[in-house]
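Asker: First, the structure itself, so that you have it in front of you.
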Amino acid sequence: MKNFITICCILLPLLSSCKSQSGADSQVKKDFEFASKQLTYAISEVDKLTAEEAKKEKKGSPLVAPRTLDKDGNIKLVASRDWTSGFFPGELWYMYEYTKDQKWADAARKFTDPLEREKTNGRTHDMGFKVYCSFGNGYRLTQDENYKNILLESAYTLTTRYKEHIGAIRSWDHSTDKWQYPVIIDNMMNLELLFWAFNESKDSLFYNIAVNHAKTTMKNHFRDDYSSYHVIDYDTITGEVVHKHTHQGYAHESAWSRGQAWGVYGYTMCYRETQLPEFLEQAKHIANYIFSHPNLPEDLIPYWDYDAPEIPNEPRDVSAATVTASALYELSLYDKANAAKYVKWADTILENLSKHYLAGEGKDGGFLLLHSTGSKPGKFEVDAPISYADYYFLEALLRKQKLEETGKLF
Ligand code: GLY
């Protein structure tokens with residue numbers, strides 16, 4: 001009897017720790033099983049739509065990737081020049097990374113290759129979103145030399161939007177009646193392509209532009225509480241700040257949720273690539289701004305703007321939550337003192353998304369998550385599924401798994 005009690009004392013704690021480990025595994029597993037069914041369905045729906053489009057023999061660029069659902073629940077496809085075109089192929093690469101099943105690599109290639117024409121498109125800053133999420137993941141997972149060349153050319157194209165006397169990459173060319181040289185917080189995400197190009201080519205042009213852009217953004221985009229403006233407009237001659245505006249947020253002085261998410265992700269990534277402590281400090285401050293905000297709901301899925309006037313009767317932005325969750329797993333590697341807190345926040349986001357925000361299986365166009373907000377002021381994609389929310393959801397799940405299994409991400 002004494003022996004039996006001793007064995008129980010040793011085994012029971014071990015069994016209960018196994019149980020919690022398999023609990024975490026099973027969430028990632030369950031979500032990837034769901035993603036596998038949804039994305040299989042999405043591919044078949046997209047294939048039908050693109051076949052219909054091809055029959056129409058319309059002039060102009062072909063439609064290549066799903067972005068969202070329209071008001072009638074139909075899949076909205078976009079051409080490669082759309083800033084979201086890289087996310088769907090990126091999701092398929094993440095499916096390949098998780099499953100190691102060649103069928104996902106084949107599908108990912110099918111949706112990645114039509115984006116090649118973007119490598120010379122210097123008309124927006126969105127190169128990283130388009131090309132790094134698609135070809136970048138493809139290259140990381142396959143070492144395909146052709147993909148590497150496409151990425152290097154794309155990175156070079158992005159550098160042509162940089163002006164030394166401003167110290168930042170110009171984000172948009174549109175709305176010249178409003179802005180001279182608009183730089184948006186989202187642009188931080190596209191620096192990852194430049195850091196990648198520096199690491200591959202050792203050409204310091206890429207590194208210097210990325211670091212200068214991040215420093216200029218740190219200086220001019222943030223308020224004292226570390227919330228961020230969306231659009232900073234610079235004088236093209238003097239390089240001085242002309243306006244501090246929003247485009248997709250509630251007001252110029254409000255904190256647009258996805259902007260805060262781009263910020264925390266962007267500065268965490270910049271710290272990874274530079275080891276400059278100021279970038280880590282910035283990421284920590286932005287994370288604290290988000291998670292101490294009185295308007296952040298208990299489930300940690302933010303409203304579309306932290307200052308939206310009708311909170312709690314405002315739409316959420318699931319995409320801001322998935323970008324943030326993915327960033328927090330990485331931030332936990334660099335800010336050890338607060339690592340447990342970041343992982344807990346990220347885990348809570350993923351758990352709540354899995355429980356309450358998933359799309360219907362075999363429905364909703366094959367998207368994974370409902371309730372994102374693209375642009376409330378623009379009256380589009382309000383409370384809708386959107387491809388980039390799904391992309392960062394899969395990325396966050398993979399990061400969760402890697403951290404738990406190896407303690408590393410890269
Ligand atoms: N990059 C555009 C957006 O976040 O909506």
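FYI, nothing fancy with the structure tokens labels: chains A, B, ... in order, residues from 1 per chain, ligands from 1 as they appear.
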Can you tell me which residues come within 10 Å of ligand 1 when counting only C-alpha atoms and all ligand atoms, ideally as an MDAnalysis selection string?

Answerer: chainID A and resid 83:84 125:126 129 171 184:187 189:190 230 247:249 256:259 261:262 319:320 373:375 381 388

Asker: Determine, counting only C-alpha atoms, which protein, DNA and RNA residues have an atom within 12 Å of an atom of stretch 294-298 of chain A; residues of the same chain fewer than 3 positions away are not included. Present the result as a PDB file with N, CA, C and O atoms, in the first residue's frame.

Answerer:
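To be explicit, this is the file written out as result29.pdb:
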ATOM      1  N   ALA A 255      -6.803  56.001 -31.619  1.00  0.00           N
ATOM      2  CA  ALA A 255      -5.847  54.894 -31.797  1.00  0.00           C
ATOM      3  C   ALA A 255      -6.542  53.772 -32.567  1.00  0.00           C
ATOM      4  O   ALA A 255      -7.318  52.988 -31.996  1.00  0.00           O
ATOM      5  N   SER A 257      -7.012  50.356 -34.112  1.00  0.00           N
ATOM      6  CA  SER A 257      -6.503  49.112 -33.493  1.00  0.00           C
ATOM      7  C   SER A 257      -5.454  48.401 -34.340  1.00  0.00           C
ATOM      8  O   SER A 257      -4.447  47.930 -33.818  1.00  0.00           O
ATOM      9  N   ASN A 288       2.165  47.347 -23.908  1.00  0.00           N
ATOM     10  CA  ASN A 288       1.542  47.801 -22.655  1.00  0.00           C
ATOM     11  C   ASN A 288       0.385  48.756 -22.909  1.00  0.00           C
ATOM     12  O   ASN A 288      -0.619  48.728 -22.201  1.00  0.00           O
ATOM     13  N   TYR A 289       0.550  49.594 -23.948  1.00  0.00           N
ATOM     14  CA  TYR A 289      -0.567  50.493 -24.289  1.00  0.00           C
ATOM     15  C   TYR A 289      -1.821  49.665 -24.608  1.00  0.00           C
ATOM     16  O   TYR A 289      -2.907  49.918 -24.093  1.00  0.00           O
ATOM     17  N   ILE A 290      -1.636  48.654 -25.449  1.00  0.00           N
ATOM     18  CA  ILE A 290      -2.786  47.845 -25.887  1.00  0.00           C
ATOM     19  C   ILE A 290      -3.426  47.134 -24.691  1.00  0.00           C
ATOM     20  O   ILE A 290      -4.644  47.203 -24.489  1.00  0.00           O
ATOM     21  N   PHE A 291      -2.591  46.467 -23.898  1.00  0.00           N
ATOM     22  CA  PHE A 291      -3.170  45.573 -22.891  1.00  0.00           C
ATOM     23  C   PHE A 291      -3.536  46.279 -21.587  1.00  0.00           C
ATOM     24  O   PHE A 291      -4.111  45.645 -20.709  1.00  0.00           O
ATOM     25  N   ILE A 301      -9.938  40.743 -27.800  1.00  0.00           N
ATOM     26  CA  ILE A 301     -10.141  41.001 -29.241  1.00  0.00           C
ATOM     27  C   ILE A 301     -10.629  42.457 -29.342  1.00  0.00           C
ATOM     28  O   ILE A 301     -11.769  42.750 -28.964  1.00  0.00           O
ATOM     29  N   PRO A 302      -9.782  43.373 -29.834  1.00  0.00           N
ATOM     30  CA  PRO A 302     -10.135  44.796 -29.723  1.00  0.00           C
ATOM     31  C   PRO A 302     -11.291  45.235 -30.626  1.00  0.00           C
ATOM     32  O   PRO A 302     -11.568  44.598 -31.650  1.00  0.00           O
ATOM     33  N   TYR A 303     -11.921  46.307 -30.212  1.00  0.00           N
ATOM     34  CA  TYR A 303     -12.802  47.014 -31.144  1.00  0.00           C
ATOM     35  C   TYR A 303     -11.926  47.583 -32.246  1.00  0.00           C
ATOM     36  O   TYR A 303     -10.704  47.686 -32.086  1.00  0.00           O
ATOM     37  N   TRP A 304     -12.515  48.010 -33.333  1.00  0.00           N
ATOM     38  CA  TRP A 304     -11.722  48.443 -34.500  1.00  0.00           C
ATOM     39  C   TRP A 304     -10.877  49.677 -34.213  1.00  0.00           C
ATOM     40  O   TRP A 304      -9.862  49.908 -34.871  1.00  0.00           O
ATOM     41  N   ASP A 305     -11.286  50.473 -33.212  1.00  0.00           N
ATOM     42  CA  ASP A 305     -10.501  51.642 -32.812  1.00  0.00           C
ATOM     43  C   ASP A 305     -10.683  51.753 -31.296  1.00  0.00           C
ATOM     44  O   ASP A 305     -11.804  51.616 -30.792  1.00  0.00           O
ATOM     45  N   TYR A 306      -9.584  51.991 -30.577  1.00  0.00           N
ATOM     46  CA  TYR A 306      -9.685  52.059 -29.109  1.00  0.00           C
ATOM     47  C   TYR A 306     -10.543  53.231 -28.658  1.00  0.00           C
ATOM     48  O   TYR A 306     -11.020  53.244 -27.522  1.00  0.00           O
ATOM     49  N   ASP A 307     -10.729  54.222 -29.523  1.00  0.00           N
ATOM     50  CA  ASP A 307     -11.526  55.398 -29.157  1.00  0.00           C
ATOM     51  C   ASP A 307     -12.847  55.471 -29.926  1.00  0.00           C
ATOM     52  O   ASP A 307     -13.457  56.541 -29.980  1.00  0.00           O
ATOM     53  N   ALA A 308     -13.271  54.357 -30.504  1.00  0.00           N
ATOM     54  CA  ALA A 308     -14.536  54.371 -31.257  1.00  0.00           C
ATOM     55  C   ALA A 308     -15.666  54.811 -30.321  1.00  0.00           C
ATOM     56  O   ALA A 308     -15.726  54.366 -29.160  1.00  0.00           O
ATOM     57  N   PRO A 309     -16.530  55.697 -30.796  1.00  0.00           N
ATOM     58  CA  PRO A 309     -17.450  56.385 -29.870  1.00  0.00           C
ATOM     59  C   PRO A 309     -18.557  55.517 -29.273  1.00  0.00           C
ATOM     60  O   PRO A 309     -19.038  55.828 -28.201  1.00  0.00           O
ATOM     61  N   GLU A 310     -18.947  54.438 -29.961  1.00  0.00           N
ATOM     62  CA  GLU A 310     -20.096  53.665 -29.457  1.00  0.00           C
ATOM     63  C   GLU A 310     -19.686  52.397 -28.710  1.00  0.00           C
ATOM     64  O   GLU A 310     -20.509  51.507 -28.507  1.00  0.00           O
ATOM     65  N   ILE A 311     -18.428  52.279 -28.353  1.00  0.00           N
ATOM     66  CA  ILE A 311     -18.001  51.099 -27.579  1.00  0.00           C
ATOM     67  C   ILE A 311     -18.935  50.948 -26.375  1.00  0.00           C
ATOM     68  O   ILE A 311     -19.203  51.957 -25.718  1.00  0.00           O
ATOM     69  N   PRO A 312     -19.520  49.805 -26.058  1.00  0.00           N
ATOM     70  CA  PRO A 312     -19.224  48.470 -26.574  1.00  0.00           C
ATOM     71  C   PRO A 312     -20.025  48.055 -27.811  1.00  0.00           C
ATOM     72  O   PRO A 312     -19.961  46.897 -28.207  1.00  0.00           O
ATOM     73  N   ASN A 313     -20.749  49.002 -28.429  1.00  0.00           N
ATOM     74  CA  ASN A 313     -21.518  48.614 -29.625  1.00  0.00           C
ATOM     75  C   ASN A 313     -20.772  48.995 -30.892  1.00  0.00           C
ATOM     76  O   ASN A 313     -21.296  49.725 -31.740  1.00  0.00           O
ATOM     77  N   GLU A 314     -19.567  48.560 -30.995  1.00  0.00           N
ATOM     78  CA  GLU A 314     -18.734  48.821 -32.175  1.00  0.00           C
ATOM     79  C   GLU A 314     -18.203  47.481 -32.680  1.00  0.00           C
ATOM     80  O   GLU A 314     -17.992  46.557 -31.883  1.00  0.00           O
ATOM     81  N   PRO A 315     -17.947  47.363 -33.977  1.00  0.00           N
ATOM     82  CA  PRO A 315     -17.373  46.110 -34.474  1.00  0.00           C
ATOM     83  C   PRO A 315     -15.963  45.869 -33.941  1.00  0.00           C
ATOM     84  O   PRO A 315     -15.239  46.815 -33.634  1.00  0.00           O
ATOM     85  N   ARG A 316     -15.633  44.608 -33.839  1.00  0.00           N
ATOM     86  CA  ARG A 316     -14.280  44.228 -33.422  1.00  0.00           C
ATOM     87  C   ARG A 316     -13.365  44.246 -34.647  1.00  0.00           C
ATOM     88  O   ARG A 316     -13.826  44.318 -35.787  1.00  0.00           O
ATOM     89  N   ASP A 317     -12.072  44.109 -34.382  1.00  0.00           N
ATOM     90  CA  ASP A 317     -11.128  43.846 -35.475  1.00  0.00           C
ATOM     91  C   ASP A 317     -10.255  42.650 -35.103  1.00  0.00           C
ATOM     92  O   ASP A 317      -9.221  42.795 -34.436  1.00  0.00           O
ATOM     93  N   ALA A 320      -6.510  42.740 -35.977  1.00  0.00           N
ATOM     94  CA  ALA A 320      -5.590  43.396 -35.027  1.00  0.00           C
ATOM     95  C   ALA A 320      -5.179  42.395 -33.949  1.00  0.00           C
ATOM     96  O   ALA A 320      -4.025  42.392 -33.496  1.00  0.00           O
ATOM     97  N   ALA A 321      -6.114  41.545 -33.557  1.00  0.00           N
ATOM     98  CA  ALA A 321      -5.809  40.552 -32.503  1.00  0.00           C
ATOM     99  C   ALA A 321      -4.839  39.487 -32.999  1.00  0.00           C
ATOM    100  O   ALA A 321      -3.922  39.093 -32.268  1.00  0.00           O
ATOM    101  N   TRP A 345      -1.225  36.493 -22.796  1.00  0.00           N
ATOM    102  CA  TRP A 345      -2.123  37.335 -23.610  1.00  0.00           C
ATOM    103  C   TRP A 345      -2.346  36.685 -24.979  1.00  0.00           C
ATOM    104  O   TRP A 345      -3.474  36.610 -25.459  1.00  0.00           O
ATOM    105  N   THR A 348      -4.509  33.637 -24.733  1.00  0.00           N
ATOM    106  CA  THR A 348      -5.918  34.000 -24.484  1.00  0.00           C
ATOM    107  C   THR A 348      -6.588  34.444 -25.785  1.00  0.00           C
ATOM    108  O   THR A 348      -7.724  34.063 -26.082  1.00  0.00           O
ATOM    109  N   ILE A 349      -5.864  35.232 -26.578  1.00  0.00           N
ATOM    110  CA  ILE A 349      -6.422  35.664 -27.868  1.00  0.00           C
ATOM    111  C   ILE A 349      -6.744  34.440 -28.724  1.00  0.00           C
ATOM    112  O   ILE A 349      -7.868  34.300 -29.243  1.00  0.00           O
ATOM    113  N   ASN A 352      -9.705  32.393 -27.418  1.00  0.00           N
ATOM    114  CA  ASN A 352     -11.007  33.034 -27.645  1.00  0.00           C
ATOM    115  C   ASN A 352     -11.387  33.058 -29.123  1.00  0.00           C
ATOM    116  O   ASN A 352     -12.568  32.888 -29.465  1.00  0.00           O
TER     117      ASN A 352
END

Asker: Skip A:Val264 itself and residues of its chain fewer than 3 positions away, then list as a VMD selection string all residues within 8 Å of it, counting only C-alpha atoms.

Answerer: chain A and resid 260 to 261 267 to 268 282 to 284 286 to 287 324 327

Asker: Could you please determine the separation between atom CA of A:Tyr271 and atom CA of A:Tyr334 in Å, to one decimal place?

Answerer: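 Calculated distance between atom CA of A:Tyr271 and atom CA of A:Tyr334 is 8.5 Å.
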
Asker: Can you tell me how far atom CA of A:Asp144 sits from atom CA of A:Ala79, in Å to one decimal?

Answerer: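 That distance, rounded to one decimal, is 23.8 Å.
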
Asker: Can you check which residues of stretch 22-193 of chain A DSSP gives as alpha helix (DSSP H) on the backbone and send them as a count of residues only?

Answerer: 84

Asker: Apply DSSP to the structure's backbone, then extract all residues of stretch 23-112 of chain A labelled strand (DSSP E or B) and return them as a list of chain:residue names.

Answerer: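 Selecting the strand (DSSP E or B) positions of stretch 23-112 of chain A gives A:Leu63, A:Val64, A:Ala65, A:Pro66, A:Arg67, A:Thr68, A:Leu69, A:Ile75, A:Lys76, A:Leu77, A:Val78, A:Ala79.
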
Asker: Keeping only N, CA, C and O atoms, write the selected residues as a tab-separated table (two decimals), in the first residue's frame.

Answerer:
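Once written, out.tsv looks like this:
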chain	number	residue	atom	x	y	z
A	63	LEU	N	-7.55	38.02	-61.59
A	63	LEU	CA	-7.81	37.98	-60.15
A	63	LEU	C	-7.13	36.74	-59.58
A	63	LEU	O	-7.28	35.64	-60.14
A	64	VAL	N	-6.38	36.92	-58.49
A	64	VAL	CA	-5.51	35.81	-58.08
A	64	VAL	C	-5.72	35.29	-56.67
A	64	VAL	O	-5.29	34.18	-56.35
A	65	ALA	N	-6.37	36.07	-55.80
A	65	ALA	CA	-6.46	35.61	-54.40
A	65	ALA	C	-7.71	36.15	-53.74
A	65	ALA	O	-8.15	37.27	-54.03
A	66	PRO	N	-8.28	35.36	-52.81
A	66	PRO	CA	-9.46	35.85	-52.08
A	66	PRO	C	-9.05	36.85	-51.00
A	66	PRO	O	-8.03	36.67	-50.34
A	67	ARG	N	-9.85	37.91	-50.84
A	67	ARG	CA	-9.54	38.93	-49.82
A	67	ARG	C	-10.57	38.93	-48.68
A	67	ARG	O	-10.24	39.02	-47.53
A	68	THR	N	-11.86	38.85	-49.09
A	68	THR	CA	-12.93	38.97	-48.09
A	68	THR	C	-14.23	38.45	-48.72
A	68	THR	O	-14.21	37.90	-49.83
A	69	LEU	N	-15.35	38.62	-48.02
A	69	LEU	CA	-16.67	38.33	-48.61
A	69	LEU	C	-17.39	39.65	-48.83
A	69	LEU	O	-17.27	40.56	-47.99
A	75	ILE	N	-17.30	35.53	-52.41
A	75	ILE	CA	-15.87	35.76	-52.25
A	75	ILE	C	-15.43	36.92	-53.14
A	75	ILE	O	-15.76	36.96	-54.33
A	76	LYS	N	-14.68	37.85	-52.53
A	76	LYS	CA	-14.11	38.95	-53.33
A	76	LYS	C	-12.66	38.60	-53.64
A	76	LYS	O	-11.84	38.45	-52.73
A	77	LEU	N	-12.38	38.46	-54.94
A	77	LEU	CA	-11.01	38.15	-55.37
A	77	LEU	C	-10.28	39.44	-55.72
A	77	LEU	O	-10.91	40.41	-56.15
A	78	VAL	N	-8.97	39.40	-55.57
A	78	VAL	CA	-8.18	40.60	-55.93
A	78	VAL	C	-7.09	40.25	-56.93
A	78	VAL	O	-6.67	39.09	-57.04
A	79	ALA	N	-6.62	41.28	-57.61
A	79	ALA	CA	-5.47	41.12	-58.53
A	79	ALA	C	-4.18	41.17	-57.72
A	79	ALA	O	-4.18	41.58	-56.56

Asker: Can you list, as a PyMOL selection string, every protein, DNA or RNA residue that comes within 9 Å of A:Glu253 when you count only C-alpha atoms, leaving out same-chain residues fewer than 2 positions away?

Answerer: chain A and resi 228-229+244-246+249-251+255+307

Asker: Find the residues near A:Glu33: any atom within 12 Å, counting only C-alpha atoms, skip ones fewer than 2 places away on the same chain, and give them as a list in words.

Answerer: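 Near A:Glu33, the qualifying residues are Ser26, Gln27, Val28, Lys29, Lys30, Asp31, Ala35, Ser36, Lys37, Gln38, Leu39, Thr40, Met95, Tyr98, Thr99, Ser354, Glu361, Leu368 and Leu394 of chain A.
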
Asker: In Å, how far is it from atom CA of A:Pro182 to atom CA of A:Lys148?

Answerer: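 Computing the Euclidean distance for atom CA of A:Pro182 and atom CA of A:Lys148 yields 29.7 Å.
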
Asker: I need the residue nearest A:Tyr94 from this list: A:Gly122, A:Gly128, A:Pro385, A:Gly136. Use only C-alpha atoms for the distance.

Answerer: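 Between A:Gly122, A:Gly128, A:Pro385, A:Gly136, the residue approaching A:Tyr94 most closely is A:Gly136.
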
Asker: Residues at most 9 Å from A:Trp196, counting only C-alpha atoms, excluding those fewer than 6 positions away in the same chain, as a list in words?

Answerer: Gly136, Leu151, Leu152, Ala155, Phe206, Tyr207 and Glu273 of chain A

Asker: Write the residues of the selection above to a file with N, CA, C and O atoms, as an mmCIF file, in the first residue's frame.

Answerer:
data_model
loop_
_atom_site.group_PDB
_atom_site.id
_atom_site.type_symbol
_atom_site.label_atom_id
_atom_site.label_comp_id
_atom_site.auth_asym_id
_atom_site.auth_seq_id
_atom_site.Cartn_x
_atom_site.Cartn_y
_atom_site.Cartn_z
ATOM 1 N N GLY A 136 8.297 34.879 -49.795
ATOM 2 C CA GLY A 136 9.199 34.823 -48.637
ATOM 3 C C GLY A 136 9.032 33.521 -47.874
ATOM 4 O O GLY A 136 10.014 32.840 -47.553
ATOM 5 N N LEU A 151 12.422 37.837 -54.730
ATOM 6 C CA LEU A 151 12.400 38.597 -53.471
ATOM 7 C C LEU A 151 13.434 39.723 -53.494
ATOM 8 O O LEU A 151 13.147 40.847 -53.061
ATOM 9 N N LEU A 152 14.618 39.429 -54.007
ATOM 10 C CA LEU A 152 15.664 40.468 -54.038
ATOM 11 C C LEU A 152 15.265 41.614 -54.954
ATOM 12 O O LEU A 152 15.448 42.791 -54.622
ATOM 13 N N ALA A 155 12.626 43.665 -53.186
ATOM 14 C CA ALA A 155 13.188 44.504 -52.118
ATOM 15 C C ALA A 155 13.844 45.732 -52.740
ATOM 16 O O ALA A 155 13.695 46.859 -52.249
ATOM 17 N N PHE A 206 19.760 48.082 -47.992
ATOM 18 C CA PHE A 206 18.499 47.561 -47.456
ATOM 19 C C PHE A 206 18.406 47.804 -45.952
ATOM 20 O O PHE A 206 17.390 48.245 -45.428
ATOM 21 N N TYR A 207 19.498 47.505 -45.258
ATOM 22 C CA TYR A 207 19.514 47.633 -43.791
ATOM 23 C C TYR A 207 19.332 49.096 -43.393
ATOM 24 O O TYR A 207 18.512 49.417 -42.527
ATOM 25 N N GLU A 273 16.046 41.956 -35.914
ATOM 26 C CA GLU A 273 16.977 42.131 -37.027
ATOM 27 C C GLU A 273 18.148 43.055 -36.706
ATOM 28 O O GLU A 273 19.149 43.031 -37.416
#

Asker: Let me make sure I understand: among A:Val131, A:Ser254, A:Tyr392, A:Thr142, which one has the smallest atom-to-atom distance to A:Asp106 if we use only C-alpha atoms?

Answerer: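 Of all the options, A:Thr142 lies closest to A:Asp106.
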
Asker: Using only C-alpha atoms, which residue out of A:Arg117, A:Glu281, A:Asp299, A:Ala51 lies closest to A:Asp335?

Answerer: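 Smallest distance to A:Asp335 is found for A:Glu281.
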